[in-house]
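A.B. asks: Below is the file start17.pdb, with PDB, C-alpha atoms.
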ATOM      1  CA  MET F   1      -3.744  20.088  15.349
ATOM      2  CA  ARG F   2      -5.258  23.246  16.830
ATOM      3  CA  THR F   3      -3.082  23.132  19.934
ATOM      4  CA  VAL F   4       0.030  22.391  17.858
ATOM      5  CA  LEU F   5      -0.701  25.405  15.679
ATOM      6  CA  ARG F   6      -1.299  27.568  18.744
ATOM      7  CA  VAL F   7       2.053  26.498  20.232
ATOM      8  CA  VAL F   8       3.854  27.047  16.909
ATOM      9  CA  ASN F   9       2.308  30.508  16.612
ATOM     10  CA  ARG F  10       3.331  31.518  20.120
ATOM     11  CA  VAL F  11       6.864  30.136  19.826
ATOM     12  CA  LEU F  12       7.394  31.650  16.372
ATOM     13  CA  ILE F  13       6.038  35.066  17.304
ATOM     14  CA  GLY F  14       7.939  35.063  20.605
ATOM     15  CA  PHE F  15      11.210  34.060  18.944
ATOM     16  CA  LEU F  16      10.861  36.608  16.130
ATOM     17  CA  GLY F  17       9.939  39.292  18.644
ATOM     18  CA  LEU F  18      12.949  38.505  20.794
ATOM     19  CA  VAL F  19      15.330  38.517  17.803
ATOM     20  CA  LEU F  20      13.924  41.805  16.519
ATOM     21  CA  LEU F  21      14.077  43.340  19.985
ATOM     22  CA  VAL F  22      17.719  42.338  20.513
ATOM     23  CA  ILE F  23      18.867  43.413  17.043
ATOM     24  CA  GLY F  24      16.823  46.608  16.996
ATOM     25  CA  GLY F  25      17.797  47.535  20.533
ATOM     26  CA  SER F  26      21.497  46.987  19.899
ATOM     27  CA  VAL F  27      21.406  48.929  16.606
ATOM     28  CA  LEU F  28      19.586  51.758  18.370
ATOM     29  CA  ALA F  29      22.051  51.755  21.265
ATOM     30  CA  ILE F  30      25.078  51.842  18.940
ATOM     31  CA  GLY F  31      23.388  54.494  16.794
ATOM     32  CA  LEU F  32      22.943  56.653  19.883
ATOM     33  CA  GLY F  33      26.656  56.378  20.653
ATOM     34  CA  ALA F  34      26.999  53.338  22.928
ATOM     35  CA  PRO F  35      30.269  51.460  22.428
ATOM     36  CA  ALA F  36      29.967  48.440  20.139
ATOM     37  CA  PRO F  37      30.908  45.079  21.720
ATOM     38  CA  SER F  38      33.777  43.126  20.177
ATOM     39  CA  TRP F  39      31.442  40.481  18.689
ATOM     40  CA  TRP F  40      29.171  43.040  17.000
ATOM     41  CA  ILE F  41      29.221  43.108  13.184
ATOM     42  CA  HIS F  42      29.616  46.891  12.987
ATOM     43  CA  ASP F  43      32.329  49.109  14.426
ATOM     44  CA  ASP F  44      30.518  52.354  15.105
ATOM     45  CA  ARG F  45      27.399  54.361  14.374
ATOM     46  CA  HIS F  46      28.607  55.470  10.928
ATOM     47  CA  ASP F  47      29.193  51.919   9.650
ATOM     48  CA  VAL F  48      26.817  50.692   6.887
ATOM     49  CA  LEU F  49      24.625  47.660   7.382
ATOM     50  CA  LEU F  50      26.092  45.664   4.465
ATOM     51  CA  SER F  51      29.272  46.769   2.745
ATOM     52  CA  ASP F  52      30.043  45.871  -0.876
ATOM     53  CA  ALA F  53      32.543  43.230   0.266
ATOM     54  CA  GLU F  54      30.021  41.587   2.626
ATOM     55  CA  ARG F  55      27.282  41.632  -0.012
ATOM     56  CA  THR F  56      29.385  39.985  -2.738
ATOM     57  CA  ARG F  57      31.605  37.740  -0.603
ATOM     58  CA  TRP F  58      30.246  34.332  -1.709
ATOM     59  CA  ARG F  59      28.626  35.291  -4.997
ATOM     60  CA  ASP F  60      31.221  33.473  -7.128
ATOM     61  CA  ASP F  61      31.261  30.253  -5.058
ATOM     62  CA  GLY F  62      29.338  27.306  -6.552
ATOM     63  CA  TRP F  63      27.372  26.504  -3.405
ATOM     64  CA  TRP F  64      26.066  30.034  -2.766
ATOM     65  CA  TRP F  65      23.079  30.316  -5.118
ATOM     66  CA  PRO F  66      21.723  26.766  -4.591
ATOM     67  CA  THR F  67      21.907  27.343  -0.827
ATOM     68  CA  VAL F  68      20.166  30.715  -1.063
ATOM     69  CA  ILE F  69      17.435  29.267  -3.281
ATOM     70  CA  ALA F  70      16.956  26.213  -1.020
ATOM     71  CA  VAL F  71      16.666  28.384   2.099
ATOM     72  CA  LEU F  72      14.182  30.690   0.377
ATOM     73  CA  VAL F  73      12.101  27.721  -0.841
ATOM     74  CA  VAL F  74      11.984  26.275   2.687
ATOM     75  CA  LEU F  75      10.961  29.674   4.102
ATOM     76  CA  VAL F  76       8.227  30.087   1.477
ATOM     77  CA  VAL F  77       6.870  26.560   2.123
ATOM     78  CA  LEU F  78       6.842  27.151   5.892
ATOM     79  CA  ALA F  79       5.175  30.543   5.444
ATOM     80  CA  LEU F  80       2.498  29.020   3.169
ATOM     81  CA  TRP F  81       1.874  26.177   5.652
ATOM     82  CA  TRP F  82       1.528  28.663   8.494
ATOM     83  CA  LEU F  83      -0.773  30.902   6.444
ATOM     84  CA  THR F  84      -3.078  28.090   5.289
ATOM     85  CA  ALA F  85      -3.185  26.565   8.778
ATOM     86  CA  ASN F  86      -4.286  29.905  10.223
ATOM     87  CA  LEU F  87      -6.756  30.766   7.474
ATOM     88  CA  ARG F  88      -8.252  27.299   7.069
ATOM     89  CA  ARG F  89     -11.885  27.034   7.870
ATOM     90  CA  ARG F  90     -12.183  25.387  11.250
ATOM     91  CA  ARG F  91     -15.959  25.300  11.385
ATOM     92  CA  LEU F  92     -17.465  21.831  11.386
ATOM     93  CA  THR F  93     -19.744  21.487   8.358
ATOM     94  CA  GLU F  94     -21.524  18.260   9.316
ATOM     95  CA  VAL F  95     -22.037  15.981  12.306
ATOM     96  CA  LEU F  96     -22.398  12.212  11.989
ATOM     97  CA  VAL F  97     -25.535  11.063  13.827
ATOM     98  CA  ASP F  98     -25.798   7.403  14.818
ATOM     99  CA  THR F  99     -29.256   6.231  13.712
ATOM    100  CA  GLY F 100     -28.969   2.859  15.452
ATOM    101  CA  ASP F 101     -29.373   0.749  12.310
ATOM    102  CA  GLY F 102     -25.697   0.527  11.418
ATOM    103  CA  GLU F 103     -26.041   3.441   9.048
ATOM    104  CA  GLY F 104     -25.557   7.062   9.908
ATOM    105  CA  ALA F 105     -27.136  10.344   9.059
ATOM    106  CA  LEU F 106     -25.402  13.631   8.494
ATOM    107  CA  LEU F 107     -26.601  16.685  10.362
ATOM    108  CA  ARG F 108     -25.529  20.092   9.109
ATOM    109  CA  GLY F 109     -23.140  21.697  11.558
ATOM    110  CA  ARG F 110     -24.767  25.108  11.118
ATOM    111  CA  ALA F 111     -28.149  23.647  12.057
ATOM    112  CA  LEU F 112     -26.808  22.187  15.302
ATOM    113  CA  GLU F 113     -24.964  25.446  16.027
ATOM    114  CA  SER F 114     -28.148  27.438  15.426
ATOM    115  CA  VAL F 115     -30.280  25.274  17.710
ATOM    116  CA  LEU F 116     -27.635  25.207  20.439
ATOM    117  CA  GLU F 117     -27.166  28.965  20.123
ATOM    118  CA  SER F 118     -30.891  29.750  20.377
ATOM    119  CA  GLU F 119     -31.346  27.442  23.373
ATOM    120  CA  ALA F 120     -28.304  28.934  25.118
ATOM    121  CA  ALA F 121     -29.547  32.462  24.424
ATOM    122  CA  GLY F 122     -32.886  31.534  25.987
ATOM    123  CA  LEU F 123     -31.320  30.592  29.310
ATOM    124  CA  GLU F 124     -32.037  32.843  32.275
ATOM    125  CA  GLY F 125     -29.558  35.706  32.513
ATOM    126  CA  VAL F 126     -28.002  35.148  29.077
ATOM    127  CA  GLN F 127     -28.344  38.174  26.807
ATOM    128  CA  ARG F 128     -26.526  36.761  23.797
ATOM    129  CA  ALA F 129     -24.914  33.457  22.839
ATOM    130  CA  HIS F 130     -22.558  32.401  20.058
ATOM    131  CA  VAL F 131     -21.744  28.759  19.264
ATOM    132  CA  HIS F 132     -19.015  27.417  16.996
ATOM    133  CA  LEU F 133     -18.592  23.670  16.289
ATOM    134  CA  THR F 134     -15.098  22.283  15.697
ATOM    135  CA  GLY F 135     -13.457  18.871  15.746
ATOM    136  CA  ARG F 136     -14.376  15.868  13.626
ATOM    137  CA  ARG F 137     -17.807  14.962  12.409
ATOM    138  CA  SER F 138     -17.915  11.840  14.605
ATOM    139  CA  THR F 139     -16.539  13.636  17.680
ATOM    140  CA  PRO F 140     -17.591  17.289  17.524
ATOM    141  CA  GLU F 141     -16.543  19.894  20.046
ATOM    142  CA  SER F 142     -18.193  23.213  20.725
ATOM    143  CA  ARG F 143     -16.991  26.670  21.595
ATOM    144  CA  VAL F 144     -19.646  28.710  23.341
ATOM    145  CA  ARG F 145     -19.503  32.399  24.191
ATOM    146  CA  LEU F 146     -22.160  33.771  26.504
ATOM    147  CA  LEU F 147     -22.849  37.415  27.244
ATOM    148  CA  LEU F 148     -24.345  37.509  30.725
ATOM    149  CA  ALA F 149     -26.686  40.116  32.122
ATOM    150  CA  PRO F 150     -25.552  42.128  35.145
ATOM    151  CA  HIS F 151     -25.852  40.414  38.523
ATOM    152  CA  VAL F 152     -26.031  36.901  37.024
ATOM    153  CA  ASN F 153     -24.073  34.197  38.806
ATOM    154  CA  PRO F 154     -21.619  32.749  36.226
ATOM    155  CA  GLY F 155     -21.674  29.352  37.953
ATOM    156  CA  THR F 156     -25.438  29.137  37.601
ATOM    157  CA  ALA F 157     -25.301  30.182  33.948
ATOM    158  CA  LEU F 158     -22.612  27.585  33.234
ATOM    159  CA  ASN F 159     -24.552  24.871  35.041
ATOM    160  CA  ASP F 160     -27.739  25.739  33.103
ATOM    161  CA  LEU F 161     -25.807  25.635  29.825
ATOM    162  CA  THR F 162     -24.319  22.203  30.506
ATOM    163  CA  THR F 163     -27.434  20.571  31.969
ATOM    164  CA  GLN F 164     -29.885  22.022  29.466
ATOM    165  CA  ALA F 165     -28.597  23.293  26.118
ATOM    166  CA  LEU F 166     -25.490  21.112  25.762
ATOM    167  CA  ALA F 167     -27.247  18.030  27.158
ATOM    168  CA  HIS F 168     -30.162  18.465  24.728
ATOM    169  CA  ALA F 169     -27.795  18.915  21.771
ATOM    170  CA  ARG F 170     -25.788  15.832  22.779
ATOM    171  CA  THR F 171     -28.815  13.569  23.180
ATOM    172  CA  SER F 172     -30.655  14.843  20.089
ATOM    173  CA  ALA F 173     -27.598  14.248  17.894
ATOM    174  CA  GLY F 174     -26.946  10.852  19.517
ATOM    175  CA  LEU F 175     -23.427  11.819  20.578
ATOM    176  CA  ALA F 176     -21.541  10.046  23.335
ATOM    177  CA  SER F 177     -20.069  13.370  24.436
ATOM    178  CA  LEU F 178     -20.016  17.001  23.380
ATOM    179  CA  PRO F 179     -17.031  18.734  24.980
ATOM    180  CA  ALA F 180     -17.406  22.476  25.243
ATOM    181  CA  GLU F 181     -15.093  25.403  25.796
ATOM    182  CA  VAL F 182     -17.257  28.085  27.373
ATOM    183  CA  ARG F 183     -16.321  31.751  27.645
ATOM    184  CA  LEU F 184     -18.435  33.960  29.839
ATOM    185  CA  LYS F 185     -18.507  37.734  29.629
ATOM    186  CA  GLY F 186     -20.598  40.146  31.620
ATOM    187  CA  VAL F 187     -22.435  43.095  30.139
ATOM    188  CA  LYS F 188     -20.885  46.422  31.062
ATOM    189  CA  HIS F 189     -23.233  48.552  33.053
ATOM    190  CA  GLY F 190     -23.028  51.858  34.837
ATOM    191  CA  ALA F 191     -22.508  52.204  38.543
ATOM    192  CA  GLU F 192     -25.640  51.963  40.631
ATOM    193  CA  ARG F 193     -26.541  54.541  43.180
ATOM    194  CA  VAL F 194     -26.993  53.261  46.704
ATOM    195  CA  SER F 195     -29.246  55.284  48.941
TER     196      SER F 195
END
Represent the structure from my file as structure tokens, please.

C.D. replies:
Amino acid sequence: MRTVLRVVNRVLIGFLGLVLLVIGGSVLAIGLGAPAPSWWIHDDRHDVLLSDAERTRWRDDGWWWPTVIAVLVVLVVLALWWLTANLRRRRLTEVLVDTGDGEGALLRGRALESVLESEAAGLEGVQRAHVHLTGRRSTPESRVRLLLAPHVNPGTALNDLTTQALAHARTSAGLASLPAEVRLKGVKHGAERVS
């Protein structure tokens, strides 16, 4: 669902941006005196955006208002879906732990995030760590952001994270796997003087 929403966001924003760029650019060009093409809806720079005749053309037809209302309802429903999908809480609240007896126990997602975050922050060369659990409670995924100290090898930090912190979290929660998206960022530091 997350990747679908990301693709929908990018396509929608790209399409709207392109439409606005084309319309705005052509209106600006005609407003500055460029000749209007034959297919353009306005004749010259002094033409109004919507004339009285264009505004009231279909007002008396029986299909006009139901069509306008249906289109507006569809746009409102799509806008509400997009808004709730973007604002919905994506944080995993609980993780299902297999206890081995056919039952299961629920582990608070924040607790696992906190432990994983503190262990990741304790790794050599890591100044700060932030962990966010997503996915389903039976198959959680993690997003980890690490702020690395200057002169730390990112490959070493990533290897330490996967072999220590993520491995400990996976085994302690009894998970078959714990996929992680890791983002590494280095601390900004001033230039060093070489003598």

A.B. asks: For Gly125 of chain F, please output as JSON, numbers by chain all residues within 6 Å (counting only C-alpha atoms; exclusion window: fewer than 4 positions along the same chain).

C.D. replies: {"F": [148, 149, 152]}

A.B. asks: Please provide the set of residues having any atom within 6 Å of segment 94-96 of chain F, restricted to only C-alpha atoms, with same-chain residues fewer than 2 positions apart removed, written as a VMD selection string.

C.D. replies: chain F and resid 92 105 to 109 137 to 138

A.B. asks: Pick the closest to Val187 of chain F from F:Val126, F:Leu83, F:Ala173, F:Leu116: which is it, counting all atoms listed in the file?

C.D. replies: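 Answer, going by the shortest atom-to-atom distance: F:Val126.
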
A.B. asks: Go through F:Ala36, F:Ala165, F:Val8, F:Leu175 one by one, measure the shortest atom-to-atom distance of each to Thr99 of chain F using all atoms listed in the file, and give the residue with the smallest value.

C.D. replies: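 Checking each of F:Ala36, F:Ala165, F:Val8, F:Leu175 against Thr99 of chain F, counting all atoms listed in the file, the winner is F:Leu175.
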
A.B. asks: Pick out the residues sitting within 6 Å of Val182 of chain F, and hand them over as an NGL selection string; count all atoms listed in the file, and ignore anything fewer than 4 positions along from it in its own chain.

C.D. replies: :F and (143-145)

A.B. asks: Pick the closest to Pro154 of chain F from F:Gly33, F:Gly174, F:Gly186, F:Pro179: which is it, counting all atoms listed in the file?

C.D. replies: F:Gly186

A.B. asks: Contacts of Asp44 of chain F at 12 Å or less, counting only C-alpha atoms, minus same-chain residues fewer than 3 places along, as a compact mmCIF listing (two decimals) with C-alpha atoms, in the coordinates of the input?

C.D. replies:
# COMPACT_ATOMS: atom_id res chain seq x y z
CA SER F 26 21.50 46.99 19.90
CA VAL F 27 21.41 48.93 16.61
CA LEU F 28 19.59 51.76 18.37
CA ALA F 29 22.05 51.76 21.26
CA ILE F 30 25.08 51.84 18.94
CA GLY F 31 23.39 54.49 16.79
CA LEU F 32 22.94 56.65 19.88
CA GLY F 33 26.66 56.38 20.65
CA ALA F 34 27.00 53.34 22.93
CA PRO F 35 30.27 51.46 22.43
CA ALA F 36 29.97 48.44 20.14
CA PRO F 37 30.91 45.08 21.72
CA SER F 38 33.78 43.13 20.18
CA TRP F 40 29.17 43.04 17.00
CA ILE F 41 29.22 43.11 13.18
CA ASP F 47 29.19 51.92 9.65
CA VAL F 48 26.82 50.69 6.89
CA LEU F 49 24.62 47.66 7.38

A.B. asks: Any idea what the distance is between atom CA of Gly24 of chain F and atom CA of Ala70 of chain F?

C.D. replies: 27.2 Å

A.B. asks: Given the choices F:His168, F:Arg90, F:Lys185, F:Arg57, which gets closest to Arg136 of chain F if the distance is worked out from all atoms listed in the file?

C.D. replies: F:Arg90

A.B. asks: Under the PyMOL selection byres ((chain F and resi 160) around 12), which residues of this model are included? Write them out as number ranges by chain.

C.D. replies: F: 119-126, 146, 152-159, 161-168

A.B. asks: Of the candidates F:Leu5, F:Leu178, F:Ala111, F:Val68, which shows the shortest atom-to-atom distance to Trp81 of chain F, using only C-alpha atoms?

C.D. replies: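 Looking only at the distances to Trp81 of chain F, the closest residue turns out to be F:Leu5.
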
A.B. asks: Of the candidates F:Asp52, F:Glu103, F:Glu141, F:Glu113, which shows the shortest atom-to-atom distance to Ala176 of chain F, using all atoms listed in the file?

C.D. replies: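 Closest to Ala176 of chain F of all the choices is F:Glu141.
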
A.B. asks: At what distance in Å, to one decimal, does atom CA of Arg170 of chain F lie from atom CA of Asn86 of chain F?

C.D. replies: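 Going from atom CA of Asn86 of chain F over to atom CA of Arg170 of chain F covers 28.6 Å.
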
A.B. asks: Step by step, work through what the PyMOL selection byres ((chain F and resi 91) around 8) selects in the shown file, and finish by giving those residues as a VMD selection string.

C.D. replies: chain F and resid 89 to 90 92 to 93 132 to 134

A.B. asks: Based on the selection just made, write C-alpha atoms of those residues as a PDB file, in the coordinates of the input.

C.D. replies:
ATOM      1  CA  ARG F  89     -11.885  27.034   7.870  1.00  0.00           C
ATOM      2  CA  ARG F  90     -12.183  25.387  11.250  1.00  0.00           C
ATOM      3  CA  LEU F  92     -17.465  21.831  11.386  1.00  0.00           C
ATOM      4  CA  THR F  93     -19.744  21.487   8.358  1.00  0.00           C
ATOM      5  CA  HIS F 132     -19.015  27.417  16.996  1.00  0.00           C
ATOM      6  CA  LEU F 133     -18.592  23.670  16.289  1.00  0.00           C
ATOM      7  CA  THR F 134     -15.098  22.283  15.697  1.00  0.00           C
TER       8      THR F 134
END

A.B. asks: May I ask for the distance between atom CA of Ser142 of chain F and atom CA of Ala180 of chain F, given in Å to one decimal place?

C.D. replies: 4.6 Å
